[in-house]
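J.: Before I ask anything, here is the structure I am working with.
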Amino acid sequence: MTQGTITAGSLLRTIAYPYDLRKLDTSQLEQVCKELRQYIIDIVSVYGGHFAANLGVVELTVALHYILNTPKDKLIWDVGHQAYGHKILTGRRKNFYTNRTLNGLSGFPKISESDYDAFGVGHSSTSISAALGMAIASNLLGEKNRHHVAVIGDGALTAGIAYEALNHAGTTNSDILVILNDNNISIDPNSGILQKVVSHSGNLFESLGFKYYGPIDGHNVNEIVDKLKEILKVPGPKLLHVKTIKGKGFETAEKNQTIWHAPGLFDKATGIINKKVYNTPQPPKYQDVFGKTIIELARENPKIMGITPAMPSGCSLKYMMEEMPDRALDVGIAEQHAVTLSAGLATKGMKVFCNIYSTFMQRAYDMVIHDVAIQNLPVIFCLDRAGLVGEDGATHHGAYDIAFMRCIPNMIVSAPMNESELRNLMYTAQLETTKNPFVIRYPRGKGVLTNWETPMEEISIGKARKIKDGQEIAILTIGHVGNFAVEACKELETFGISPAHYDMRFVKPLDEELLHEIGQKFSKIITVEDACIKGGMGSAILEFLNENNYHLVVKILGIPDSVIGQGSTEELQHLCHFDTEAIVINTKELMNRGDLN
């Protein structure tokens with residue numbers, strides 16, 4: 001991959017680092033902003049990435065690096081969806097085309113990538129806490145003339161941690177500046193009365209101990225520069241309220257901000273998003289299977305409700321929100337609240353599908369244990385984006401949910417191998433006879449079935465299914481990766497190897513009857529999961545074999561015990577050695593080792 005013919009404008013070309021920007025006259029900053037915005041459009045249209053949010057903070061980015069003495073002054077971008085301009089101005093313009101690619105730049109700020117990335121961010125609402133921690137440390141260390149700035153969006157202020165940080169910061173004398181980037185949208189439109197209060201009044205911040213400034217025009221770079229010069233001289237906690245437009249400068253993005261959050265590749269001249277054209281019907285995305293299936297179920301079961309923390313488009317709960325607005329709720333970026341709200345609904349007999357991306361469910365772990373599992377409430381957790389998610393990288397991989405869910409008492413943990421299985425698991429989870437909290441994890445992207453709208457059937461909880469009989473080695477899979485094993489088995493048979501393949505369906509409870517059969521028939525097992533190896537399905541099977549005195553050779557394939565960066569999902573699955581090729585290679589190696597019992 002090369003940058004090709006994409007070049008920066010005449011002024012932007014002279015800026016390698018912020019100290020180059022600071023050499024310019026303020027009269028030149030508008031031109032820098034124009035060129036930076038165009039450069040982001042040029043790059044993202046060809047290489048992809050987050051778009052509208054970055055266009056909305058161009059002037060703010062330029063003003064901050066013009067006035068602050070970064071990297072001595074600490075600048076923390078909340079989430080990182082709006083940090084492309086920051087990266088381009090801080091030594092990474094020439095290789096920015098590698099953004100979100102394997103071995104390229106991270107799509108989010110990352111401490112190990114640049115001294116200018118003061119804090120790694122990917123999940124929202126952490127910036128104020130991080131900046132306050134740095135400011136307190138600077139005071140303790142006796143550091144002088146060092147500013148600490150957190151840029152946070154109004155959408156991110158729907159999360160509890162942001163208010164916890166504001167509540168604390170206002171009681172300190174720390175030199176912290178919070179910049180509220182107010183564009184009235186997160187990925188989807190924001191929800192909540194408090195967000196509206198935040199956007200229209202400084203009283204809340206002043207009552208929390210902040211000096212409030214604004215609101216000001218977030219697209220007037222010189223006004224921002226002048227205001228920063230003024231307020232950075234003021235000691236103590238401060239908040240600057242700037243009004244911006246997400247997608248600023250690209251008309252179609254301004255009009256359709258949700259679609260243009262991360263649109264993929266597009267024609268920058270026409271604003272038409274490139275879509276692949278297929279000659280044959282394609283399988284749906286798992287998220288859309290969820291979105292359509294929950295409506296089918298809810299039409300028949302009046303107790304069903306859907307909950308999402310700020311991701312109605314991403315998880316496809318938007319369809320239910322449109323058809324049944326009283327029964328499908330977006331609670332804002334508030335995963336903890338989403339889980340406990342679901343628990344409260346469950347106490348009244350409601351069957352709640354709480355849909356949270358796997359990586360964001362980590363934020364609500366205490367509520368899962370304390371409010372759901374201990375009370376054994378039958379909340380249904382649909383964990384979208386489970387496993388490796390691709391270009392969003394380390395902060396977004398759903399690697400840990402099997403491990404952290406299966407250790408919780410009362411919990412059922414499952415994963416479908418295809419769309420029909422997802423529908424069947426959802427059907428089973430909402431039955432009155434299902435009395436436990438129920439996890440259904442599924443990956444980002446497409447399934448494997450074109451005719452997926454199959455009649456739903458109850459699945460016996462804890463029962464696996466045999467996909468293929470075999471005599472020499474058993475391959476045990478969980479979830480979508482079972483499709484990799486199907487292809488691997490076909491290839492292995494061409495080498496004269498006879499593998500059996502079992503789709504476990506459930507990590508908890510395990511199908512112990514089947515595992516006894518496998519333990520008695522086979523001497524070698526391979527387990528495959530799109531989840532962390534430590535504590536995952538393979539570990540659960542090893543525990544069972546040990547407890548029952550089976551002495552088998554077991555090879556566990558999955559996500560290794562390391563931080564996995566960005567790249568395409570296929571690249572990362574290959575890198576982690578659990579794709580079809582890896583299953584074939586490991587099976588052949590295990591067969592060649594002979595019987596080690």
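Labels used: A, B, ... for chains in the order of the structure tokens, numbers from 1 for residues in each chain, and numbers from 1 for ligands as shown.
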Would you pick out the contacts of stretch 478-495 of chain A at 7 Å or less, using only C-alpha atoms, so that residues sharing its chain but fewer than 3 positions from it are not included, and give the list as a PyMOL selection string?

T.: chain A and resi 415-418+442+498-499+503-505+528-530+579-580+583-584

J.: Among stretch 226-470 of chain A, which residues carry a DSSP assignment of strand (DSSP E), reported as a PyMOL selection string?

T.: chain A and resi 238-243+266-267+272-273+304-308+328-330+351-355+380-383+412-414+438-441+465-468

J.: If you keep C-alpha atoms, can you produce a file of those selected residues as a PDB file, in the first residue's frame?

T.:
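Wrote it out as selection28.pdb, contents follow:
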ATOM      1  CA  LYS A 238     -12.083  25.251  33.526  1.00  0.00           C
ATOM      2  CA  LEU A 239     -14.557  24.233  30.843  1.00  0.00           C
ATOM      3  CA  LEU A 240     -14.783  25.663  27.346  1.00  0.00           C
ATOM      4  CA  HIS A 241     -18.011  24.957  25.494  1.00  0.00           C
ATOM      5  CA  VAL A 242     -17.639  24.908  21.693  1.00  0.00           C
ATOM      6  CA  LYS A 243     -20.453  24.378  19.209  1.00  0.00           C
ATOM      7  CA  PHE A 266     -16.707   6.865  -1.070  1.00  0.00           C
ATOM      8  CA  ASP A 267     -16.528   9.205  -4.051  1.00  0.00           C
ATOM      9  CA  ILE A 272     -21.773   8.439  -3.103  1.00  0.00           C
ATOM     10  CA  ILE A 273     -20.635   5.646  -0.784  1.00  0.00           C
ATOM     11  CA  ILE A 304     -39.920  -8.655  25.275  1.00  0.00           C
ATOM     12  CA  MET A 305     -37.963  -5.392  25.412  1.00  0.00           C
ATOM     13  CA  GLY A 306     -34.734  -4.244  23.777  1.00  0.00           C
ATOM     14  CA  ILE A 307     -32.052  -2.087  25.427  1.00  0.00           C
ATOM     15  CA  THR A 308     -28.907  -0.613  23.892  1.00  0.00           C
ATOM     16  CA  ALA A 328     -36.892  -0.567  22.561  1.00  0.00           C
ATOM     17  CA  LEU A 329     -34.740   1.961  24.389  1.00  0.00           C
ATOM     18  CA  ASP A 330     -31.448   3.716  23.721  1.00  0.00           C
ATOM     19  CA  LYS A 351     -37.767 -10.553  28.865  1.00  0.00           C
ATOM     20  CA  VAL A 352     -35.039  -8.028  28.133  1.00  0.00           C
ATOM     21  CA  PHE A 353     -32.568  -8.337  25.272  1.00  0.00           C
ATOM     22  CA  CYS A 354     -29.722  -6.111  26.455  1.00  0.00           C
ATOM     23  CA  ASN A 355     -27.567  -5.643  23.367  1.00  0.00           C
ATOM     24  CA  ILE A 380     -30.560 -11.828  27.829  1.00  0.00           C
ATOM     25  CA  PHE A 381     -27.182 -10.327  26.939  1.00  0.00           C
ATOM     26  CA  CYS A 382     -26.616 -10.147  23.192  1.00  0.00           C
ATOM     27  CA  LEU A 383     -22.918  -9.426  22.776  1.00  0.00           C
ATOM     28  CA  ILE A 412     -25.618 -19.404  30.490  1.00  0.00           C
ATOM     29  CA  VAL A 413     -23.000 -18.629  27.816  1.00  0.00           C
ATOM     30  CA  SER A 414     -23.634 -19.469  24.167  1.00  0.00           C
ATOM     31  CA  PHE A 438     -28.329 -15.834  29.111  1.00  0.00           C
ATOM     32  CA  VAL A 439     -25.359 -14.665  27.009  1.00  0.00           C
ATOM     33  CA  ILE A 440     -25.468 -14.914  23.206  1.00  0.00           C
ATOM     34  CA  ARG A 441     -22.225 -13.761  21.592  1.00  0.00           C
ATOM     35  CA  ARG A 465     -24.388 -30.849  18.058  1.00  0.00           C
ATOM     36  CA  LYS A 466     -22.297 -33.107  15.874  1.00  0.00           C
ATOM     37  CA  ILE A 467     -21.527 -31.458  12.543  1.00  0.00           C
ATOM     38  CA  LYS A 468     -19.411 -34.294  11.147  1.00  0.00           C
TER      39      LYS A 468
END

J.: Please, what distance in Å, to one decimal, runs between atom CA of A:Glu543 and atom CA of A:Ala403?

T.: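 Going from atom CA of A:Glu543 over to atom CA of A:Ala403 covers 13.2 Å.
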
J.: Within 7 Å of A:Ala150, counting only C-alpha atoms, which residues qualify if same-chain residues fewer than 4 places away don't, as a ChimeraX atom specification?

T.: /A:75-77,127-128,131,177-179

J.: Those residues with C-alpha atoms, as a PDB file, in the first residue's frame please?

T.:
ATOM      1  CA  LEU A  75      -3.967  16.832  25.153  1.00  0.00           C
ATOM      2  CA  ILE A  76      -6.401  13.925  25.589  1.00  0.00           C
ATOM      3  CA  TRP A  77      -8.993  13.194  22.922  1.00  0.00           C
ATOM      4  CA  SER A 127     -10.670  11.742  28.920  1.00  0.00           C
ATOM      5  CA  ILE A 128     -11.565  13.872  31.947  1.00  0.00           C
ATOM      6  CA  ALA A 131      -6.463  14.418  32.293  1.00  0.00           C
ATOM      7  CA  LEU A 177      -9.265  22.389  30.913  1.00  0.00           C
ATOM      8  CA  VAL A 178     -12.245  20.390  29.676  1.00  0.00           C
ATOM      9  CA  ILE A 179     -13.394  21.290  26.174  1.00  0.00           C
TER      10      ILE A 179
END

J.: Of the candidates A:Asp217, A:Glu419, A:Glu322, A:Asp469, which shows the shortest atom-to-atom distance to A:Leu449, using only C-alpha atoms?

T.: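 That would be A:Glu419, the residue with the smallest distance to A:Leu449.
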
J.: When you draw a straight line from atom CA of A:Asn167 to atom CA of A:Ser207, how long is it in Å?

T.: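 Between atom CA of A:Asn167 and atom CA of A:Ser207 the gap works out to 9.5 Å.
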
J.: Can you list, as an mmCIF file with C-alpha atoms, in the first residue's frame, every protein, DNA or RNA residue that comes within 6 Å of A:His261 when you count only C-alpha atoms, leaving out same-chain residues fewer than 5 positions away?

T.:
data_model
loop_
_atom_site.group_PDB
_atom_site.id
_atom_site.type_symbol
_atom_site.label_atom_id
_atom_site.label_comp_id
_atom_site.auth_asym_id
_atom_site.auth_seq_id
_atom_site.Cartn_x
_atom_site.Cartn_y
_atom_site.Cartn_z
ATOM 1 C CA HIS A 50 -13.971 7.525 10.850
ATOM 2 C CA PHE A 51 -15.091 10.573 8.945
ATOM 3 C CA ALA A 52 -17.755 12.986 10.136
#

J.: As a list in words, please: the residues near A:Pro18 (cut-off 9 Å, only C-alpha atoms, same-chain neighbours under 3 positions excluded).

T.: Ile15, Leu21, Arg22, Lys23, Val62, His65, Tyr66, Asn69, Thr70, Pro71, Leu89, Thr90 and Gly91 of chain A

J.: What are the closest atom pairs, with distances in Å to one decimal, for all residues of stretch 406-461 of chain A lying within 10 Å of stretch 388-393 of chain A? Consider only C-alpha atoms, order rows by chain and residue number, and present the result as CSV.

T.:
residue,atom,partner,partner_atom,distance
A:Pro443,CA,A:Val389,CA,7.5
A:Arg444,CA,A:Val389,CA,6.1
A:Gly445,CA,A:Val389,CA,8.6

J.: Residues near A:Thr270, anyone? I mean within 12 Å using only C-alpha atoms, not counting same-chain ones fewer than 6 positions away, as a ChimeraX atom specification.

T.: /A:45,250-253

J.: From the options A:Leu345, A:Ile497, A:Ile518, A:Cys407, which residue's atoms come nearest to A:Val379, counting only C-alpha atoms?

T.: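 Smallest distance to A:Val379 is found for A:Leu345.
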
J.: When distances are computed from only C-alpha atoms, which of A:Val507, A:Ile556, A:Leu425, A:Ile216 shows the smallest separation from A:Phe404?

T.: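 Counting only C-alpha atoms, the residue closest to A:Phe404 is A:Val507.
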
J.: Check the smallest atom-to-atom distance from each of A:Ala269, A:Met411, A:Leu431, A:Ile176 to A:Val46 using only C-alpha atoms, then report the winner.

T.: A:Ala269

J.: Can you check which residues of stretch 120-222 of chain A DSSP gives as helix (DSSP H, G or I) on the backbone and send them as a VMD selection string?

T.: chain A and resid 127 to 140 156 to 158 160 to 169 193 to 200 203 to 207 221 to 222

J.: For the residues in that selection, give me C-alpha atoms as a short mmCIF file (atom, residue, chain, number, x, y, z; two decimals), in the first residue's frame.

T.:
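out09.cif, written as the output of this step:
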data_model
loop_
_atom_site.label_atom_id
_atom_site.label_comp_id
_atom_site.auth_asym_id
_atom_site.auth_seq_id
_atom_site.Cartn_x
_atom_site.Cartn_y
_atom_site.Cartn_z
CA SER A 127 -10.67 11.74 28.92
CA ILE A 128 -11.56 13.87 31.95
CA SER A 129 -10.47 11.21 34.44
CA ALA A 130 -7.19 10.69 32.59
CA ALA A 131 -6.46 14.42 32.29
CA LEU A 132 -7.25 14.96 35.97
CA GLY A 133 -4.90 12.16 36.95
CA MET A 134 -2.12 13.77 34.92
CA ALA A 135 -2.85 17.18 36.40
CA ILE A 136 -2.77 15.88 39.99
CA ALA A 137 0.50 14.08 39.27
CA SER A 138 2.00 17.28 37.84
CA ASN A 139 1.13 19.13 41.03
CA LEU A 140 2.71 16.43 43.18
CA ALA A 156 -19.69 11.04 25.72
CA LEU A 157 -21.14 13.09 28.57
CA THR A 158 -24.01 10.61 28.78
CA GLY A 160 -21.33 8.03 34.27
CA ILE A 161 -17.53 8.10 34.41
CA ALA A 162 -17.50 11.58 32.86
CA TYR A 163 -19.65 12.94 35.71
CA GLU A 164 -17.60 11.10 38.30
CA ALA A 165 -14.52 12.87 36.94
CA LEU A 166 -16.22 16.27 36.78
CA ASN A 167 -17.47 15.84 40.34
CA HIS A 168 -13.93 15.16 41.54
CA ALA A 169 -12.10 17.67 39.35
CA ILE A 193 -32.41 15.15 29.32
CA LEU A 194 -29.09 15.73 31.08
CA GLN A 195 -27.30 15.93 27.74
CA LYS A 196 -29.68 18.72 26.70
CA VAL A 197 -28.98 20.57 29.96
CA VAL A 198 -25.24 20.23 29.38
CA SER A 199 -25.53 21.63 25.87
CA HIS A 200 -27.52 24.71 26.84
CA ASN A 203 -24.84 26.29 35.50
CA LEU A 204 -24.20 22.58 35.88
CA PHE A 205 -20.45 22.96 35.41
CA GLU A 206 -20.19 26.01 37.63
CA SER A 207 -22.02 24.18 40.39
CA VAL A 221 -10.31 29.00 14.45
CA ASN A 222 -9.24 32.51 15.42
#

J.: Taking only C-alpha atoms into account, which of A:Ser523, A:Gln566, A:Thr347, A:Asn173 comes nearest A:Gly107?

T.: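 Comparing A:Ser523, A:Gln566, A:Thr347, A:Asn173 against A:Gly107, the winner is A:Gln566.
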
J.: Hey, what's within 9 Å of A:Gly249 if we count only C-alpha atoms and toss same-chain stuff fewer than 6 positions away? As JSON, numbers by chain, please?

T.: {"A": [34, 37, 38, 55, 56]}

J.: Can you tell me how far atom CA of A:Ala394 sits from atom CA of A:Val58, in Å to one decimal?

T.: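 Here the two named atoms are 25.5 Å from each other.
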
J.: Tell me which of A:Lys248, A:His574, A:Lys435, A:Arg92 sits closest to A:Ala346, counting only C-alpha atoms.

T.: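 For A:Ala346, the nearest of the given residues is A:Lys435.
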